[in-house]
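See below for the structure under consideration.
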Amino acid sequence: MKRSTSCEYCANYTYDEESESYYCDVSLDEDEYYRFISSGRKECPYYQSGDEYKIVRHQM
């Protein structure tokens with residue numbers, strides 16, 4: 001599930017120690033996955049910033 005949004009900075013981008021690789025941890029059913037793949041979007045609608053301090057910096 002890789003689009004132009006940088007997956008490396010997404011909170012859903014999880015490292016699996018067993019396979020020693022990263023994967024997208026968003027749980028989609030078949031219909032949601034099909035809509036996501038077939039859409040013309042250039043950015044992932046499931047992207048969540050992995051920067052846990054983003055909100056704190058915004059409040060300062």
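Labels used: A, B, ... for chains in the order of the structure tokens, numbers from 1 for residues in each chain, and numbers from 1 for ligands as shown.
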| field | Who sits within 9 Å of Val26 of chain A, only C-alpha atoms, same chain under 6 positions skipped, as a ChimeraX atom specification | value | /A:12-13,46
| Gap from atom CA of Tyr47 of chain A to atom CA of Asp31 of chain A - Å, one decimal |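 The value is 18.6 Å.
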| field | Atom pair atom CA of Tyr9 of chain A / atom CA of Arg41 of chain A: separation (Å) | value | 18.7 Å
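Neighbouring residues of Thr14 of chain A at 7 Å or closer, counting only C-alpha atoms and skipping chain neighbours under 6 positions away, are A:Tyr22, A:Tyr23, A:Cys24, A:Asp25.
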| message | Just to confirm, what's the straight-line distance from atom CA of Ala11 of chain A to atom CA of Gln48 of chain A in Å (one decimal)? | response |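 A separation of 5.4 Å between them.
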